[in-house]
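Undergrad: Next comes the structure file entry-v4.txt, holding compact mmCIF, C-alpha atoms.
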```
# COMPACT_ATOMS: atom_id res chain seq x y z
CA MET A 872 112.35 72.63 81.00
CA ALA A 873 113.31 76.12 82.12
CA ILE A 874 113.59 76.91 85.81
CA THR A 875 111.30 79.66 87.04
CA ILE A 876 113.01 81.87 89.60
CA ASP A 877 110.84 82.62 92.64
CA ALA A 878 112.25 85.08 95.21
CA THR A 879 108.97 85.49 97.13
CA VAL A 880 109.86 86.08 100.79
CA GLY A 881 108.40 83.20 102.81
CA GLY A 882 106.73 81.64 99.77
CA THR A 883 105.83 78.00 99.35
CA SER A 884 107.80 77.73 96.10
CA THR A 885 110.65 80.15 96.78
CA ASN A 886 113.85 78.85 95.22
CA VAL A 887 116.22 81.83 95.54
CA TYR A 888 116.94 84.65 97.99
CA ALA A 889 118.73 86.92 95.52
CA THR A 890 117.33 87.71 92.10
CA LEU A 891 119.42 87.13 89.00
CA LEU A 892 119.72 90.93 88.66
CA GLU A 893 121.24 91.10 92.16
CA THR A 894 123.71 88.35 91.28
CA ASP A 895 124.53 90.08 87.98
CA ALA A 896 125.26 93.30 89.90
CA LEU A 897 127.59 91.46 92.27
CA ALA A 898 129.37 89.75 89.36
CA GLU A 899 129.89 93.09 87.62
CA SER A 900 131.51 94.49 90.77
CA MET A 901 133.97 91.59 91.12
CA PHE A 902 137.34 91.03 89.52
CA ALA A 903 136.83 89.89 85.94
CA THR A 904 138.60 86.58 86.56
CA GLU A 905 136.26 85.71 89.44
CA ALA A 906 133.05 86.46 87.60
CA ALA A 907 133.99 85.64 84.00
CA ALA A 908 131.99 82.40 83.86
CA TRP A 909 128.84 84.04 85.26
CA LEU A 910 129.10 87.07 82.99
CA ALA A 911 129.61 84.75 80.01
CA LEU A 912 126.26 83.05 80.60
CA SER A 913 123.99 84.30 77.86
CA ASP A 914 120.62 84.60 79.55
CA ASP A 915 118.53 84.04 82.67
CA GLU A 916 117.70 80.49 81.59
CA THR A 917 121.37 79.49 81.74
CA LYS A 918 121.97 81.36 85.03
CA ALA A 919 118.92 80.04 86.88
CA PRO A 920 120.26 76.52 87.60
CA PHE A 921 123.36 77.94 89.32
CA GLN A 922 121.30 80.39 91.39
CA VAL A 923 118.84 77.69 92.48
CA ARG A 924 121.65 75.26 93.29
CA ALA A 925 123.43 77.94 95.34
CA HIS A 926 120.16 78.58 97.20
CA ARG A 927 119.78 74.89 98.04
CA LEU A 928 123.36 74.69 99.29
CA VAL A 929 123.12 77.85 101.38
CA ASP A 930 119.81 76.62 102.80
CA THR A 931 121.03 73.13 103.72
CA LEU A 932 124.71 73.51 104.61
CA ALA A 933 124.39 76.09 107.37
CA GLU A 934 122.75 75.95 110.79
CA TYR A 935 120.76 79.18 111.09
CA LEU A 936 119.79 81.01 114.25
CA GLY A 937 116.17 81.61 115.17
CA GLU A 938 113.12 79.79 113.88
CA ARG A 939 111.40 79.65 110.51
CA VAL A 940 108.49 82.10 110.32
CA SER A 941 106.10 79.59 108.74
CA SER A 942 105.92 75.83 108.49
CA THR A 943 104.82 76.22 104.85
CA GLN A 944 107.75 78.31 103.60
CA SER A 945 110.01 76.40 101.24
CA SER A 946 113.26 78.02 102.40
CA GLU A 947 115.04 78.51 105.72
CA TRP A 948 114.44 82.28 105.63
CA PRO A 949 112.69 84.40 106.74
CA ARG A 950 113.22 83.59 110.43
CA TRP A 951 112.12 84.87 113.83
CA ASN A 952 114.40 85.85 116.70
CA VAL A 953 117.64 86.45 114.81
CA PRO A 954 119.44 89.46 116.30
CA ARG A 955 120.54 92.02 113.76
CA PRO A 956 124.20 93.07 113.99
CA GLY A 957 124.42 96.61 115.29
CA GLY A 958 120.70 96.86 116.04
CA GLY A 959 118.01 98.32 113.80
CA GLY A 960 115.03 96.21 112.86
CA SER A 961 111.37 95.88 113.58
CA GLN A 962 111.02 92.90 115.90
CA PHE A 963 112.29 92.33 119.38
CA ALA A 964 113.21 88.98 120.82
CA TYR A 965 113.96 87.83 124.33
CA GLN A 966 111.73 90.48 125.98
CA GLY A 967 113.18 93.33 123.97
CA MET A 968 116.85 92.62 124.60
CA TYR A 969 117.81 92.38 120.92
CA ASN A 970 116.69 94.11 117.78
CA CYS A 971 116.02 91.39 115.22
CA TYR A 972 115.57 90.91 111.49
CA ALA A 973 111.96 91.45 110.42
CA SER A 974 109.81 88.39 109.72
CA ASP A 975 109.49 89.44 106.07
CA GLU A 976 113.17 90.28 105.54
CA ILE A 977 115.91 88.42 103.72
CA PRO A 978 119.21 89.71 105.13
CA ARG A 979 121.62 91.34 102.70
CA GLU A 980 124.39 88.93 103.76
CA LEU A 981 122.24 85.91 102.89
CA LYS A 982 121.59 87.27 99.39
CA LEU A 983 125.29 88.06 99.03
CA ALA A 984 126.32 84.55 100.13
CA GLU A 985 123.89 82.93 97.69
CA SER A 986 124.99 85.16 94.80
CA GLN A 987 128.67 84.63 95.57
CA LEU A 988 128.14 80.87 95.59
CA ALA A 989 126.15 80.94 92.33
CA ILE A 990 128.98 82.82 90.61
CA TRP A 991 131.51 80.35 91.98
CA LEU A 992 129.41 77.34 90.91
CA ALA A 993 129.26 78.74 87.37
CA SER A 994 133.04 79.09 87.34
CA ARG A 995 133.51 75.51 88.59
CA ASP A 996 131.07 74.25 85.97
CA GLN A 997 132.98 76.05 83.25
CA ALA A 998 136.15 74.38 84.54
CA GLY A 999 134.38 70.98 84.36
CA ASP A 1000 134.47 70.43 88.11
CA ASP A 1001 131.37 69.45 90.11
CA THR A 1002 132.91 70.34 93.46
CA PHE A 1003 129.92 69.54 95.64
CA GLY A 1004 129.50 66.13 94.04
CA LEU A 1005 125.88 66.61 93.07
CA SER A 1006 126.08 65.08 89.63
CA GLY A 1007 126.10 61.31 89.24
CA THR A 1008 129.72 61.25 88.07
CA ALA A 1009 131.19 63.82 90.44
CA ALA A 1010 133.30 61.26 92.31
CA LEU A 1011 134.89 60.04 89.07
CA SER A 1012 137.88 61.69 87.47
CA ALA A 1013 138.04 59.16 84.62
CA LEU A 1014 135.84 56.46 83.16
CA SER A 1015 136.74 53.89 80.50
CA VAL A 1016 134.41 51.35 78.99
CA GLY A 1017 136.49 48.50 77.68
CA PRO A 1018 137.98 46.79 79.57
CA ILE A 1019 136.15 48.62 82.35
CA SER A 1020 138.25 51.13 84.29
CA LEU A 1021 137.10 53.68 86.85
CA THR A 1022 139.29 56.32 88.46
CA PHE A 1023 137.89 58.06 91.49
CA ARG A 1024 138.84 61.53 92.62
CA ASP A 1025 141.10 61.86 95.60
CA ALA A 1026 138.96 61.97 98.74
CA SER A 1027 140.95 64.99 99.91
CA SER A 1028 139.59 67.04 97.00
CA SER A 1029 137.21 69.21 98.94
CA ASP A 1030 137.08 72.46 96.98
CA GLY A 1031 133.35 72.86 97.62
CA SER A 1032 133.44 72.52 101.38
CA THR A 1033 136.63 74.59 101.61
CA TYR A 1034 135.06 77.39 99.55
CA PHE A 1035 131.90 77.26 101.65
CA ASP A 1036 133.89 77.40 104.90
CA ASP A 1037 136.36 80.07 103.76
CA VAL A 1038 134.09 82.40 101.77
CA ILE A 1039 130.38 81.74 102.37
CA VAL A 1040 130.41 81.06 106.13
CA PRO A 1041 132.18 84.36 106.96
CA ILE A 1042 129.55 86.27 104.96
CA LEU A 1043 126.77 84.55 106.92
CA GLU A 1044 128.62 85.12 110.21
CA ARG A 1045 128.97 88.83 109.44
CA GLY A 1046 125.18 89.04 109.34
CA ARG A 1047 124.90 86.97 112.55
CA LEU A 1048 122.75 84.49 110.66
CA ILE A 1049 124.40 81.23 111.69
CA ARG A 1050 125.86 79.54 114.71
CA THR A 1051 129.58 80.24 114.77
CA SER A 1052 130.63 77.22 116.83
CA GLY A 1053 130.96 75.07 113.75
CA ARG A 1054 131.51 75.40 110.09
CA LEU A 1055 129.95 73.47 107.26
CA ILE A 1056 127.33 70.93 108.32
CA ARG A 1057 128.37 67.58 106.83
```
Please, can you express the file's structure as structure tokens?
TA:
Amino acid sequence: MAITIDATVGGTSTNVYATLLETDALAESMFATEAAAWLALSDDETKAPFQVRAHRLVDTLAEYLGERVSSTQSSEWPRWNVPRPGGGGSQFAYQGMYNCYASDEIPRELKLAESQLAIWLASRDQAGDDTFGLSGTAALSALSVGPISLTFRDASSSDGSTYFDDVIVPILERGRLIRTSGRLIR
């Protein structure tokens, strides 16, 4: 069954912040080696799972500032009371002390973080590595059937959390979207 991409701001079935066209544009602006796996994907149907997975990770692995605009929205954004870096915006929080992101706005940095992560997930998939351990066999590096033998990955293999901390978190911090006291929520 094909995944339907829904980038509706504040929607009840939103499953991405950035459209596939936005992620394609980012991939085309990157070094070829970084984006090769994404650019090799033949169509939107093969790209959608990576974009949706990146959305879920970005939504659940960071602690965002402010409050969700609606209790019915399916994603963490849009949010109220998140100060915009450098000012500019339509809403004021804290009795007008800060200029904030609008309640119908998805910050550019959030779209960039999601797209960057989708591209990276595609590259890890192409390399045969489920770095966030979301598939049923992600913890296994080898499996034999007779006589039964399992080999588990080294617990120190943390490519996913390292990538999130080193690449995605700084993008979100640049937009002042997350609390900077900690890194990846585990």
Undergrad: May I ask which of the residues A:Ile1039, A:Met872, A:Ala907, A:Ala973 is the closest one to Gln987 (chain A), counting all atoms listed in the file?
TA: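 Of all the options, A:Ile1039 lies closest to Gln987 (chain A).
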Undergrad: Residues at most 12 Å from Arg939 (chain A), counting only C-alpha atoms, excluding those fewer than 4 positions away in the same chain, as a list in words?
TA: Val880, Gly881, Gly882, Asp930, Glu934, Tyr935, Thr943, Gln944, Ser945, Ser946, Glu947, Trp948, Pro949, Arg950, Trp951, Asn952, Val953, Ala973, Ser974, Asp975, Glu976 and Ile977 of chain A
Undergrad: CA of Pro956 (chain A) to CA of Thr890 (chain A): how many Å, to one decimal?
TA: 23.6 Å
Undergrad: Quick check, in Å to one decimal: how far apart do CA of Val1040 (chain A) and CA of Ala933 (chain A) lie?
TA: 7.9 Å
Undergrad: Counting all atoms listed in the file, which residues sit no farther than 10 Å from the position (121.2, 81.2, 89.1) in the file's frame? I'd like them as a PyMOL selection string.
TA: chain A and resi 874+876+886-887+889-892+894-895+909+915-926+985-986+988-990+992-993
Undergrad: What does the distance between CA of Ala908 (chain A) and CA of Ile1049 (chain A) come to in Å, to one decimal place?
TA: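 Atom-to-atom, CA of Ala908 (chain A) to CA of Ile1049 (chain A), that is 28.9 Å.
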Undergrad: Assuming 6 Å of padding per side, give the centre and edge lengths of the axis-aligned box around every listed atom of region 985-998 of chain A, in Å to one decimal and as AutoDock Vina command-line options.
TA:
```
--center_x 130.0 --center_y 79.7 --center_z 90.5 --size_x 24.3 --size_y 22.9 --size_z 26.4
```
